[in-house]
$ cat my_file_23.cif   # mmCIF, C-alpha atoms
data_entry
loop_
_atom_site.label_atom_id
_atom_site.label_comp_id
_atom_site.auth_asym_id
_atom_site.auth_seq_id
_atom_site.Cartn_x
_atom_site.Cartn_y
_atom_site.Cartn_z
CA MET P 1 -59.35 87.59 -13.99
CA TYR P 2 -57.09 88.17 -16.92
CA SER P 3 -58.54 86.80 -20.14
CA SER P 4 -56.53 85.32 -22.97
CA VAL P 5 -55.91 87.83 -25.72
CA THR P 6 -57.40 87.01 -29.09
CA PRO P 7 -57.73 89.05 -32.26
CA GLU P 8 -60.94 90.93 -32.90
CA THR P 9 -63.29 89.42 -35.44
CA PRO P 10 -66.35 91.08 -37.01
CA ALA P 11 -68.58 88.94 -34.80
CA GLN P 12 -66.64 89.56 -31.61
CA LYS P 13 -65.67 93.00 -30.36
CA PRO P 14 -62.91 92.90 -27.74
CA ALA P 15 -63.77 93.78 -24.17
CA SER P 16 -62.51 96.94 -22.54
CA LEU P 17 -58.91 97.05 -21.42
CA ILE P 18 -59.99 96.76 -17.78
CA ARG P 19 -61.84 93.55 -18.63
CA GLN P 20 -58.77 92.30 -20.47
CA THR P 21 -56.46 92.92 -17.52
CA GLY P 22 -58.83 92.31 -14.63
CA ALA P 23 -60.14 94.97 -12.25
CA GLY P 24 -57.34 94.49 -9.72
CA TYR P 25 -54.49 95.12 -12.12
CA PHE P 26 -54.48 98.92 -12.14
CA PRO P 27 -54.57 99.43 -8.34
CA ILE P 28 -51.76 96.89 -7.90
CA ALA P 29 -49.63 98.48 -10.62
CA LEU P 30 -50.22 101.95 -9.16
CA ILE P 31 -49.21 101.10 -5.59
CA ALA P 32 -46.26 99.00 -6.81
CA ARG P 33 -44.75 102.20 -8.27
CA LEU P 34 -44.53 103.92 -4.89
CA PRO P 35 -41.28 102.24 -3.73
CA PHE P 36 -39.61 103.55 -6.89
CA ALA P 37 -40.94 107.07 -6.22
CA MET P 38 -40.10 106.98 -2.49
CA MET P 39 -36.62 105.53 -2.92
CA VAL P 40 -34.52 108.55 -3.92
CA VAL P 41 -36.14 111.00 -1.49
CA GLY P 42 -36.33 108.39 1.28
CA VAL P 43 -32.64 107.54 1.09
CA LEU P 44 -31.76 111.25 0.99
CA THR P 45 -33.88 111.99 4.07
CA LEU P 46 -32.52 108.99 5.97
CA VAL P 47 -28.83 109.71 5.33
CA VAL P 48 -29.14 113.43 6.12
CA ALA P 49 -30.89 112.62 9.41
CA ALA P 50 -28.48 109.82 10.36
CA ARG P 51 -25.16 111.38 9.31
CA ASP P 52 -26.05 115.09 9.49
CA SER P 53 -24.54 115.71 6.05
CA ILE P 54 -26.47 117.18 3.15
CA ALA P 55 -23.51 116.49 0.86
CA LEU P 56 -23.48 112.78 1.76
CA GLY P 57 -27.26 112.61 1.44
CA GLY P 58 -27.09 114.15 -2.03
CA ALA P 59 -24.32 111.76 -3.04
CA THR P 60 -26.29 108.68 -1.94
CA SER P 61 -29.36 110.01 -3.75
CA ALA P 62 -27.35 110.54 -6.93
CA LEU P 63 -25.81 107.07 -6.76
CA THR P 64 -29.26 105.56 -6.33
CA GLY P 65 -30.32 107.21 -9.57
CA LEU P 66 -27.09 106.20 -11.28
CA GLY P 67 -27.67 102.56 -10.33
CA THR P 68 -31.15 102.70 -11.84
CA ALA P 69 -29.92 104.39 -15.01
CA LEU P 70 -27.11 101.89 -15.63
CA ILE P 71 -28.82 98.64 -14.61
CA GLY P 72 -32.52 99.42 -15.15
CA PRO P 73 -32.39 98.96 -18.95
CA LEU P 74 -30.58 95.63 -18.42
CA LEU P 75 -33.47 94.48 -16.24
CA GLY P 76 -35.81 95.51 -19.05
CA ALA P 77 -33.73 93.52 -21.54
CA ALA P 78 -33.86 90.52 -19.19
CA ALA P 79 -37.65 90.85 -19.02
CA ASP P 80 -37.78 90.90 -22.83
CA LYS P 81 -35.70 87.72 -22.93
CA PHE P 82 -36.91 85.68 -19.94
CA GLY P 83 -40.28 87.21 -19.12
CA GLN P 84 -41.29 89.80 -16.55
CA ARG P 85 -42.24 87.48 -13.70
CA PRO P 86 -38.82 86.05 -12.69
CA VAL P 87 -37.07 89.41 -13.19
CA LEU P 88 -39.58 91.29 -11.03
CA LEU P 89 -39.63 88.68 -8.27
CA ILE P 90 -35.85 88.61 -7.93
CA ALA P 91 -35.47 92.40 -8.20
CA GLY P 92 -38.28 93.06 -5.71
CA LEU P 93 -36.85 90.77 -3.03
CA VAL P 94 -33.28 92.00 -3.48
CA ASN P 95 -34.36 95.65 -3.49
CA SER P 96 -36.46 95.34 -0.33
CA GLY P 97 -33.59 93.60 1.47
CA LEU P 98 -31.16 96.35 0.48
CA LEU P 99 -33.57 99.07 1.63
CA ALA P 100 -33.86 97.39 5.03
CA LEU P 101 -30.07 97.09 5.17
CA MET P 102 -29.69 100.81 4.40
CA ALA P 103 -32.11 101.68 7.22
CA TRP P 104 -29.92 99.74 9.64
CA LEU P 105 -26.51 100.83 8.32
CA ALA P 106 -27.33 104.55 8.26
CA PHE P 107 -27.30 104.75 12.07
CA SER P 108 -24.49 102.23 12.50
CA PRO P 109 -20.73 102.91 12.63
CA ALA P 110 -20.45 101.73 9.02
CA PRO P 111 -18.27 104.04 6.88
CA ASN P 112 -19.86 106.46 4.44
CA SER P 113 -18.41 104.50 1.53
CA THR P 114 -20.57 101.52 2.53
CA LEU P 115 -23.69 103.66 2.35
CA LEU P 116 -22.69 104.85 -1.12
CA VAL P 117 -22.26 101.28 -2.36
CA ILE P 118 -25.59 100.18 -0.90
CA ALA P 119 -27.29 103.24 -2.45
CA PHE P 120 -26.00 102.26 -5.89
CA LEU P 121 -27.20 98.68 -5.41
CA ILE P 122 -30.64 99.89 -4.31
CA GLY P 123 -30.97 101.83 -7.53
CA ALA P 124 -29.62 98.94 -9.60
CA SER P 125 -32.14 96.48 -8.17
CA THR P 126 -35.18 98.74 -8.35
CA PRO P 127 -38.15 96.84 -9.87
CA GLN P 128 -39.08 98.60 -13.10
CA VAL P 129 -42.83 98.50 -12.50
CA ALA P 130 -43.90 101.52 -14.56
CA PRO P 131 -42.09 100.64 -17.81
CA LEU P 132 -43.00 96.96 -17.53
CA SER P 133 -46.64 97.89 -16.95
CA ARG P 134 -46.58 99.92 -20.16
CA SER P 135 -45.00 97.00 -21.98
CA ARG P 136 -47.73 94.64 -20.78
CA LEU P 137 -50.53 96.95 -21.79
CA VAL P 138 -48.99 97.67 -25.20
CA GLY P 139 -48.72 93.91 -25.73
CA ILE P 140 -52.41 93.41 -24.90
CA ILE P 141 -53.57 96.34 -27.03
CA THR P 142 -51.61 95.36 -30.13
CA ARG P 143 -52.82 91.75 -29.92
CA VAL P 144 -56.47 92.39 -29.17
CA TYR P 145 -57.52 95.57 -30.95
CA PRO P 146 -57.54 96.27 -34.69
CA ARG P 147 -55.25 99.05 -35.90
CA PRO P 148 -57.70 102.03 -35.95
CA ARG P 149 -59.04 101.33 -32.47
CA ALA P 150 -55.65 100.23 -31.13
CA ALA P 151 -54.21 103.72 -31.71
CA LYS P 152 -57.00 105.34 -29.70
CA VAL P 153 -56.78 102.81 -26.87
CA LEU P 154 -52.99 103.12 -26.80
CA ASN P 155 -53.20 106.91 -26.54
CA GLY P 156 -55.65 106.70 -23.65
CA THR P 157 -53.57 104.04 -21.93
CA MET P 158 -50.37 106.05 -22.16
CA ALA P 159 -52.32 109.00 -20.75
CA TYR P 160 -53.36 106.93 -17.74
CA GLU P 161 -49.88 105.51 -17.25
CA SER P 162 -48.31 108.97 -17.27
CA ALA P 163 -50.93 110.21 -14.80
CA ALA P 164 -50.13 107.22 -12.58
CA ASP P 165 -46.42 108.08 -12.76
CA GLU P 166 -47.25 111.66 -11.86
CA MET P 167 -49.26 110.59 -8.83
CA ALA P 168 -46.43 108.34 -7.69
CA PHE P 169 -43.63 110.88 -8.24
CA VAL P 170 -45.58 113.72 -6.62
CA PHE P 171 -47.15 111.89 -3.71
CA GLY P 172 -44.17 109.59 -3.08
CA PRO P 173 -42.18 112.50 -1.55
CA VAL P 174 -45.28 113.52 0.40
CA VAL P 175 -45.51 110.03 1.91
CA VAL P 176 -41.80 110.17 2.74
CA GLY P 177 -42.26 113.50 4.49
CA VAL P 178 -45.25 112.32 6.51
CA LEU P 179 -43.57 109.09 7.62
CA ALA P 180 -40.27 110.78 8.46
CA THR P 181 -42.02 113.52 10.43
CA THR P 182 -44.53 111.40 12.36
CA LEU P 183 -42.46 108.24 12.90
CA SER P 184 -38.71 108.32 12.20
CA PRO P 185 -36.24 108.90 9.34
CA THR P 186 -36.04 105.13 8.81
CA ALA P 187 -39.81 104.77 8.34
CA PRO P 188 -39.95 105.83 4.65
CA VAL P 189 -37.20 103.37 3.68
CA ILE P 190 -38.75 100.52 5.66
CA GLY P 191 -42.14 101.42 4.20
CA ALA P 192 -40.74 101.27 0.67
CA ALA P 193 -39.23 97.85 1.45
CA VAL P 194 -42.58 96.51 2.68
CA LEU P 195 -44.43 97.90 -0.33
CA ALA P 196 -41.87 96.28 -2.63
CA VAL P 197 -42.33 92.87 -1.02
CA VAL P 198 -46.13 92.99 -1.10
CA PHE P 199 -47.14 94.91 -4.21
CA VAL P 200 -44.20 94.28 -6.54
CA THR P 201 -44.66 90.57 -5.84
CA ALA P 202 -48.39 90.90 -6.58
CA PHE P 203 -47.57 92.76 -9.81
CA ALA P 204 -45.07 90.06 -10.81
CA LEU P 205 -47.52 87.22 -10.16
CA HIS P 206 -50.46 88.90 -11.92
CA PRO P 207 -51.56 86.94 -15.01
CA THR P 208 -50.90 89.94 -17.27
CA ALA P 209 -47.17 89.24 -16.87
CA LYS P 210 -47.65 86.80 -19.73
CA ALA P 211 -48.96 89.54 -22.02
CA ALA P 212 -45.47 90.87 -22.80
CA PRO P 213 -43.82 88.31 -25.08
CA THR P 214 -40.33 87.05 -24.32
CA GLY P 215 -37.60 86.70 -26.88
CA ASP P 216 -38.24 82.95 -27.04
CA GLU P 217 -41.93 83.45 -27.88
CA VAL P 218 -41.77 85.88 -30.78
CA PRO P 219 -41.74 84.34 -34.27
CA VAL P 220 -38.71 86.39 -35.31
CA ALA P 221 -35.52 87.34 -33.53
CA PRO P 222 -35.49 90.55 -31.44
CA ALA P 223 -34.12 93.62 -33.15
CA PRO P 224 -30.37 94.19 -32.71
CA VAL P 225 -29.26 96.23 -29.71
CA ARG P 226 -28.03 99.04 -31.96
CA ASP P 227 -31.66 99.80 -32.86
CA LEU P 228 -32.17 101.01 -29.30
CA PHE P 229 -29.76 103.86 -30.02
CA ARG P 230 -31.54 105.25 -33.05
CA PHE P 231 -32.39 108.93 -32.84
CA GLY P 232 -36.15 108.37 -32.70
CA VAL P 233 -35.78 106.32 -29.52
CA LEU P 234 -33.00 108.33 -27.90
CA VAL P 235 -34.79 111.67 -28.30
CA THR P 236 -37.72 110.38 -26.23
CA VAL P 237 -35.30 109.16 -23.53
CA ILE P 238 -33.65 112.60 -23.50
CA GLY P 239 -37.11 114.09 -23.09
CA THR P 240 -37.89 111.98 -20.01
CA PHE P 241 -34.43 112.76 -18.63
CA GLY P 242 -35.27 116.45 -18.91
CA MET P 243 -38.56 115.81 -17.16
CA GLY P 244 -36.74 113.99 -14.36
CA LEU P 245 -34.42 116.97 -14.07
CA PHE P 246 -37.46 119.19 -13.77
CA PHE P 247 -38.94 117.06 -10.97
CA GLY P 248 -35.66 117.10 -9.05
CA THR P 249 -34.90 120.80 -9.53
CA ALA P 250 -38.45 121.89 -8.76
CA LEU P 251 -38.81 119.81 -5.57
CA THR P 252 -35.38 120.77 -4.21
CA ALA P 253 -35.77 124.46 -5.05
CA LEU P 254 -39.25 124.44 -3.57
CA THR P 255 -37.91 122.87 -0.37
CA ALA P 256 -35.39 125.72 -0.11
CA PHE P 257 -38.15 128.25 -0.86
CA MET P 258 -40.39 126.87 1.89
CA GLY P 259 -37.41 126.55 4.24
CA GLU P 260 -36.77 130.28 3.97
CA ARG P 261 -40.38 130.77 5.07
CA GLY P 262 -39.98 128.47 8.05
CA ALA P 263 -42.00 125.54 6.73
CA PRO P 264 -39.74 123.13 4.80
CA GLU P 265 -41.90 120.17 5.82
CA GLN P 266 -44.77 121.65 3.76
CA ALA P 267 -42.79 121.54 0.49
CA GLY P 268 -44.31 118.21 -0.48
CA LEU P 269 -47.83 119.53 -0.02
CA VAL P 270 -47.17 122.61 -2.17
CA TYR P 271 -45.41 120.42 -4.74
CA GLY P 272 -48.62 118.40 -4.99
CA ALA P 273 -50.23 121.32 -6.84
CA MET P 274 -48.00 120.58 -9.83
CA GLY P 275 -49.01 116.93 -9.76
CA LEU P 276 -52.69 117.84 -9.65
CA GLY P 277 -52.52 119.95 -12.78
CA SER P 278 -50.34 117.36 -14.49
CA ALA P 279 -52.58 114.39 -13.73
CA ILE P 280 -55.74 116.16 -14.91
CA LEU P 281 -54.21 117.22 -18.24
CA ALA P 282 -52.51 113.83 -18.73
CA LEU P 283 -55.87 112.07 -18.48
CA SER P 284 -57.36 114.59 -20.92
CA VAL P 285 -54.88 113.72 -23.67
CA ALA P 286 -57.15 110.95 -24.92
CA LEU P 287 -59.66 113.67 -25.89
CA PHE P 288 -57.22 115.61 -28.08
CA PRO P 289 -58.11 115.54 -31.81
CA ALA P 290 -55.92 113.46 -34.11
CA ARG P 291 -54.90 116.57 -36.07
CA PHE P 292 -53.11 117.77 -32.91
CA THR P 293 -50.15 115.53 -33.69
CA LEU P 294 -47.75 114.02 -31.19
CA THR P 295 -44.94 116.19 -32.51
CA ALA P 296 -47.02 119.35 -32.09
CA ARG P 297 -48.13 118.30 -28.60
CA TRP P 298 -44.57 117.83 -27.36
CA ILE P 299 -43.52 121.29 -28.56
CA THR P 300 -46.72 122.98 -27.35
CA PHE P 301 -46.58 121.62 -23.82
CA GLY P 302 -42.82 122.05 -23.70
CA VAL P 303 -43.43 125.77 -24.31
CA ILE P 304 -46.00 125.85 -21.48
CA LEU P 305 -43.52 124.13 -19.16
CA THR P 306 -40.78 126.61 -20.08
CA VAL P 307 -42.97 129.69 -19.68
CA GLY P 308 -44.13 128.42 -16.30
CA ALA P 309 -40.53 127.80 -15.20
CA ILE P 310 -39.60 131.39 -16.10
CA THR P 311 -42.06 132.67 -13.49
CA LEU P 312 -40.64 130.66 -10.57
CA PRO P 313 -37.69 132.92 -9.62
CA PHE P 314 -40.08 135.88 -9.38
CA VAL P 315 -42.59 134.21 -7.03
CA THR P 316 -42.57 135.71 -3.54
CA SER P 317 -45.54 134.10 -1.77
CA VAL P 318 -46.80 130.58 -1.18
CA PRO P 319 -50.21 131.12 -2.89
CA ALA P 320 -48.43 132.48 -5.97
CA MET P 321 -46.13 129.45 -5.94
CA VAL P 322 -49.13 127.10 -5.84
CA LEU P 323 -50.66 128.90 -8.84
CA ALA P 324 -47.38 128.76 -10.78
CA LEU P 325 -47.01 125.03 -10.10
CA LEU P 326 -50.59 124.37 -11.21
CA VAL P 327 -49.84 126.05 -14.56
CA ILE P 328 -46.56 124.17 -14.91
CA GLY P 329 -48.36 120.89 -14.25
CA THR P 330 -50.57 121.44 -17.30
CA GLY P 331 -47.43 121.18 -19.42
CA ILE P 332 -45.87 118.17 -17.69
CA GLY P 333 -48.61 115.56 -17.99
CA PRO P 334 -49.37 115.87 -21.73
CA ALA P 335 -45.66 116.09 -22.57
CA LEU P 336 -44.94 112.84 -20.72
CA VAL P 337 -47.88 111.09 -22.39
CA THR P 338 -46.56 112.20 -25.77
CA MET P 339 -43.02 110.95 -25.09
CA TYR P 340 -44.20 107.53 -23.95
CA THR P 341 -46.63 107.18 -26.85
CA LEU P 342 -43.85 107.98 -29.32
CA ALA P 343 -41.48 105.58 -27.56
CA ALA P 344 -44.07 102.78 -27.68
CA GLY P 345 -44.51 103.26 -31.42
CA ARG P 346 -40.76 103.40 -32.07
CA SER P 347 -39.72 100.46 -29.90
CA PRO P 348 -37.62 98.00 -31.93
CA ARG P 349 -39.03 94.52 -32.44
CA ALA P 350 -39.31 92.57 -29.13
CA ARG P 351 -37.53 95.39 -27.26
CA SER P 352 -40.57 97.10 -25.72
CA SER P 353 -39.64 96.42 -22.09
CA THR P 354 -36.10 97.64 -22.71
CA VAL P 355 -37.26 100.93 -24.24
CA MET P 356 -39.83 101.56 -21.52
CA THR P 357 -37.19 100.89 -18.88
CA MET P 358 -34.81 103.33 -20.58
CA MET P 359 -37.57 105.94 -20.39
CA GLY P 360 -38.15 105.30 -16.69
CA SER P 361 -34.43 105.37 -15.99
CA GLY P 362 -34.22 108.75 -17.70
CA VAL P 363 -36.74 110.16 -15.22
CA ILE P 364 -35.11 108.77 -12.10
CA VAL P 365 -31.51 109.64 -12.97
CA GLY P 366 -32.58 113.16 -13.87
CA GLN P 367 -34.48 113.54 -10.62
CA SER P 368 -31.75 112.18 -8.38
CA GLY P 369 -28.89 114.04 -10.05
CA ALA P 370 -30.79 117.32 -9.98
CA SER P 371 -31.68 116.86 -6.32
CA ALA P 372 -28.02 116.53 -5.38
CA LEU P 373 -26.78 119.46 -7.47
CA VAL P 374 -29.59 121.88 -6.67
CA GLY P 375 -29.41 121.00 -2.99
CA ALA P 376 -25.77 122.08 -2.94
CA LEU P 377 -26.61 125.25 -4.88
CA ALA P 378 -29.45 126.15 -2.53
CA GLU P 379 -27.23 125.65 0.50
CA VAL P 380 -24.65 128.06 -0.88
CA SER P 381 -26.74 130.62 -2.78
CA GLY P 382 -30.27 130.29 -1.40
CA ALA P 383 -33.66 129.56 -2.89
CA GLY P 384 -33.51 132.49 -5.32
CA ALA P 385 -30.70 130.87 -7.29
CA ALA P 386 -32.18 127.38 -7.00
CA LEU P 387 -35.49 128.51 -8.52
CA TRP P 388 -33.73 129.28 -11.83
CA THR P 389 -32.68 125.65 -12.29
CA PRO P 390 -36.10 124.28 -13.38
CA LEU P 391 -35.81 126.58 -16.41
CA VAL P 392 -32.72 124.64 -17.55
CA ALA P 393 -34.64 121.38 -17.26
CA ALA P 394 -37.62 122.80 -19.13
CA GLY P 395 -35.27 123.95 -21.88
CA ILE P 396 -34.03 120.38 -22.30
CA VAL P 397 -37.60 119.07 -22.59
CA LEU P 398 -38.50 121.73 -25.16
CA GLY P 399 -35.22 121.29 -27.05
CA ALA P 400 -35.79 117.55 -27.32
CA GLY P 401 -39.31 118.24 -28.60
CA VAL P 402 -38.01 120.57 -31.30
CA ALA P 403 -35.33 118.04 -32.27
CA ASN P 404 -38.02 115.38 -32.50
CA GLY P 405 -40.07 117.64 -34.76
CA LEU P 406 -37.12 118.28 -37.07
CA HIS P 407 -36.43 114.54 -37.16
CA ASP P 408 -40.03 113.83 -38.18
CA ARG P 409 -39.91 116.46 -40.91
CA ARG P 410 -36.73 114.95 -42.38
CA ARG P 411 -38.35 111.54 -42.34
#
$ encode --input "my_file_23.cif" --output "structure tokens"
Amino acid sequence: MYSSVTPETPAQKPASLIRQTGAGYFPIALIARLPFAMMVVGVLTLVVAARDSIALGGATSALTGLGTALIGPLLGAAADKFGQRPVLLIAGLVNSGLLALMAWLAFSPAPNSTLLVIAFLIGASTPQVAPLSRSRLVGIITRVYPRPRAAKVLNGTMAYESAADEMAFVFGPVVVGVLATTLSPTAPVIGAAVLAVVFVTAFALHPTAKAAPTGDEVPVAPAPVRDLFRFGVLVTVIGTFGMGLFFGTALTALTAFMGERGAPEQAGLVYGAMGLGSAILALSVALFPARFTLTARWITFGVILTVGAITLPFVTSVPAMVLALLVIGTGIGPALVTMYTLAAGRSPRARSSTVMTMMGSGVIVGQSGASALVGALAEVSGAGAALWTPLVAAGIVLGAGVANGLHDRRR
């Protein structure tokens, strides 16, 4: 059971974060992310199977990401103002209904334009579980723990949250592939709808929803909206956008690579190697010494990501691809942890949910847009050309890290 958060006193040391949230919180929050991770790939798979058009599938996938990017931060702002619970409950029910509608319309005589509209609405109504989970945990940590310990707990928590995102974004496509292969192309979309109803609702109703203060509860007014567009915040959003681009380019290029070897359905399994390396290193971030600063971490792991991406076009075998993705994963996890930790510290007053939602939107719009563009490139030019595209995404991540470092030096 979630316990009320109270400041630490010399006579009373706060319980662990798991005790503060309750043991059931983390499994619920983890599974509730899966609909978000399954959505883009699931819609793409469904539309391609139903309409036999890769171009239309890519367009619906891109519009899903666009809907999330445009409306997701508004849902975060609504959560900051009115509380997470009502926003999540409404978004979860609407999103699951739209997913079920898409599953039905895809095989109906409905025009393609209808599918595009529904795809945008699916993205727009996506429950922002990952960013709102971060906002809750940041709220608990800053209220319960004193400053020296709070920094350590926050770092470890952001490490876990990034690892959870990695597991969702890597294994979400795997789940989509398994369901589509063993059942039907509609199964992943229906499965995402069911998960949204059950686990997003459970996440919304969990007592920790009260941990993130609303605009009416804070003693001072929320920071003005213009503070969300300060460089320190925007550079972290650009970083997650680059990471989303990397996810999308890598998965799509890998699918083309495996397709040329006669096993496109195994792309998700090979892609899992990247997630394995990423999750392990993300969880290890809490052990990094304090002198290894956040700025240095972003640049360091951005370099690892870029070097790993350079090797991809030269890979000629599946075992070599698995090894390359494992190395690349060691750069992804720590870089994501660093971006989210910086964003948490730079969030304007009473705008935490908004900033975290902007970060999550950056990932999903990058992933969906890259999937559409690289899919078209692979269809025309083959896997060899597609495997160069992750390098562009890695360059954006590294470039944002360097810009962040220069910004910190000027400050």
$ resolve_selection --input "my_file_23.cif" --expression "the PyMOL selection byres ((chain P and resi 392-399) around 9)" --output "ChimeraX atom specification"
/P:238-247,249,298-303,305-307,309,335,388-391,400-404
$ atom_distance --input "my_file_23.cif" --atom1 "CA of Arg136 in chain P" --atom2 "CA of Val363 in chain P"
19.8 Å
$ residues_around --input "my_file_23.cif" --residues "range 270-286 of chain P" --least-positions-apart "6" --cutoff "10 Å" --atoms "all atoms listed in the file" --output "number ranges by chain"
P: 152-171, 173-174, 247, 250-251, 254-255, 258, 297, 318-319, 321-338
$ residues_around --input "my_file_23.cif" --residues "Ser381 in chain P" --least-positions-apart "5" --cutoff "12 Å" --atoms "only C-alpha atoms" --output "PyMOL selection string"
chain P and resi 253+256-257+374-376+386-388
$ resolve_selection --input "my_file_23.cif" --expression "the PyMOL selection byres ((chain P and resi 64-78) around 8)" --output "PDB file with C-alpha atoms, in the coordinates of the input"
ATOM      1  CA  VAL P  40     -34.520 108.550  -3.920  1.00  0.00           C
ATOM      2  CA  THR P  60     -26.290 108.680  -1.940  1.00  0.00           C
ATOM      3  CA  SER P  61     -29.360 110.010  -3.750  1.00  0.00           C
ATOM      4  CA  ALA P  62     -27.350 110.540  -6.930  1.00  0.00           C
ATOM      5  CA  LEU P  63     -25.810 107.070  -6.760  1.00  0.00           C
ATOM      6  CA  ALA P  79     -37.650  90.850 -19.020  1.00  0.00           C
ATOM      7  CA  ASP P  80     -37.780  90.900 -22.830  1.00  0.00           C
ATOM      8  CA  LYS P  81     -35.700  87.720 -22.930  1.00  0.00           C
ATOM      9  CA  PHE P  82     -36.910  85.680 -19.940  1.00  0.00           C
ATOM     10  CA  GLY P  83     -40.280  87.210 -19.120  1.00  0.00           C
ATOM     11  CA  GLN P  84     -41.290  89.800 -16.550  1.00  0.00           C
ATOM     12  CA  VAL P  87     -37.070  89.410 -13.190  1.00  0.00           C
ATOM     13  CA  ALA P 119     -27.290 103.240  -2.450  1.00  0.00           C
ATOM     14  CA  PHE P 120     -26.000 102.260  -5.890  1.00  0.00           C
ATOM     15  CA  LEU P 121     -27.200  98.680  -5.410  1.00  0.00           C
ATOM     16  CA  ILE P 122     -30.640  99.890  -4.310  1.00  0.00           C
ATOM     17  CA  GLY P 123     -30.970 101.830  -7.530  1.00  0.00           C
ATOM     18  CA  ALA P 124     -29.620  98.940  -9.600  1.00  0.00           C
ATOM     19  CA  SER P 125     -32.140  96.480  -8.170  1.00  0.00           C
ATOM     20  CA  THR P 126     -35.180  98.740  -8.350  1.00  0.00           C
ATOM     21  CA  GLN P 128     -39.080  98.600 -13.100  1.00  0.00           C
ATOM     22  CA  LEU P 132     -43.000  96.960 -17.530  1.00  0.00           C
ATOM     23  CA  ARG P 351     -37.530  95.390 -27.260  1.00  0.00           C
ATOM     24  CA  SER P 353     -39.640  96.420 -22.090  1.00  0.00           C
ATOM     25  CA  THR P 354     -36.100  97.640 -22.710  1.00  0.00           C
ATOM     26  CA  VAL P 355     -37.260 100.930 -24.240  1.00  0.00           C
ATOM     27  CA  MET P 356     -39.830 101.560 -21.520  1.00  0.00           C
ATOM     28  CA  THR P 357     -37.190 100.890 -18.880  1.00  0.00           C
ATOM     29  CA  MET P 358     -34.810 103.330 -20.580  1.00  0.00           C
ATOM     30  CA  SER P 361     -34.430 105.370 -15.990  1.00  0.00           C
ATOM     31  CA  GLY P 362     -34.220 108.750 -17.700  1.00  0.00           C
ATOM     32  CA  ILE P 364     -35.110 108.770 -12.100  1.00  0.00           C
ATOM     33  CA  VAL P 365     -31.510 109.640 -12.970  1.00  0.00           C
ATOM     34  CA  GLY P 366     -32.580 113.160 -13.870  1.00  0.00           C
ATOM     35  CA  GLN P 367     -34.480 113.540 -10.620  1.00  0.00           C
ATOM     36  CA  SER P 368     -31.750 112.180  -8.380  1.00  0.00           C
ATOM     37  CA  GLY P 369     -28.890 114.040 -10.050  1.00  0.00           C
TER      38      GLY P 369
END
$ residues_near_point --input "my_file_23.cif" --point "(-41.3, 107.8, -29.8)" --cutoff "9 Å" --atoms "all atoms listed in the file" --output "list in words"
Gly232, Val233, Leu234, Val235, Thr236, Val237, Thr338, Met339, Tyr340, Thr341, Leu342, Ala343, Ala344, Gly345, Arg346, Ser347 and Asn404 of chain P
$ write_last_selection --input "my_file_23.cif" --atoms "C-alpha atoms" --output "mmCIF file, in the coordinates of the input"
data_model
loop_
_atom_site.group_PDB
_atom_site.id
_atom_site.type_symbol
_atom_site.label_atom_id
_atom_site.label_comp_id
_atom_site.auth_asym_id
_atom_site.auth_seq_id
_atom_site.Cartn_x
_atom_site.Cartn_y
_atom_site.Cartn_z
ATOM 1 C CA GLY P 232 -36.150 108.370 -32.700
ATOM 2 C CA VAL P 233 -35.780 106.320 -29.520
ATOM 3 C CA LEU P 234 -33.000 108.330 -27.900
ATOM 4 C CA VAL P 235 -34.790 111.670 -28.300
ATOM 5 C CA THR P 236 -37.720 110.380 -26.230
ATOM 6 C CA VAL P 237 -35.300 109.160 -23.530
ATOM 7 C CA THR P 338 -46.560 112.200 -25.770
ATOM 8 C CA MET P 339 -43.020 110.950 -25.090
ATOM 9 C CA TYR P 340 -44.200 107.530 -23.950
ATOM 10 C CA THR P 341 -46.630 107.180 -26.850
ATOM 11 C CA LEU P 342 -43.850 107.980 -29.320
ATOM 12 C CA ALA P 343 -41.480 105.580 -27.560
ATOM 13 C CA ALA P 344 -44.070 102.780 -27.680
ATOM 14 C CA GLY P 345 -44.510 103.260 -31.420
ATOM 15 C CA ARG P 346 -40.760 103.400 -32.070
ATOM 16 C CA SER P 347 -39.720 100.460 -29.900
ATOM 17 C CA ASN P 404 -38.020 115.380 -32.500
#
$ closest_residue --input "my_file_23.cif" --among "P:Ala209, P:Ala110, P:Ala193, P:Leu179" --to "Met39 in chain P" --atoms "all atoms listed in the file"
P:Ala193
$ closest_residue --input "my_file_23.cif" --among "P:Gly191, P:Arg149, P:Gly259, P:Ser184" --to "Glu379 in chain P" --atoms "all atoms listed in the file"
P:Gly259
$ residues_near_point --input "my_file_23.cif" --point "(-35.0, 98.5, -30.3)" --cutoff "7 Å" --atoms "all atoms listed in the file" --output "PyMOL selection string"
chain P and resi 223-225+227-228+347-349+351+355
$ resolve_selection --input "my_file_23.cif" --expression "the PyMOL selection byres ((chain P and resi 24) around 12)" --output "MDAnalysis selection string"
chainID P and resid 1:2 18:23 25:31 199 202:203 206:208
$ atom_distance --input "my_file_23.cif" --atom1 "CA of Ser96 in chain P" --atom2 "CA of Ile190 in chain P"
8.2 Å
$ atom_distance --input "my_file_23.cif" --atom1 "CA of Phe314 in chain P" --atom2 "CA of Ala263 in chain P"
19.2 Å
$ closest_residue --input "my_file_23.cif" --among "P:Ala59, P:Thr295, P:Pro289, P:Leu98" --to "Ser113 in chain P" --atoms "all atoms listed in the file"
P:Ala59
$ closest_residue --input "my_file_23.cif" --among "P:Arg51, P:Lys210, P:Arg230, P:Arg261" --to "His407 in chain P" --atoms "all atoms listed in the file"
P:Arg230
$ closest_residue --input "my_file_23.cif" --among "P:Thr316, P:Val200, P:Ala378, P:Phe229" --to "Arg85 in chain P" --atoms "all atoms listed in the file"
P:Val200
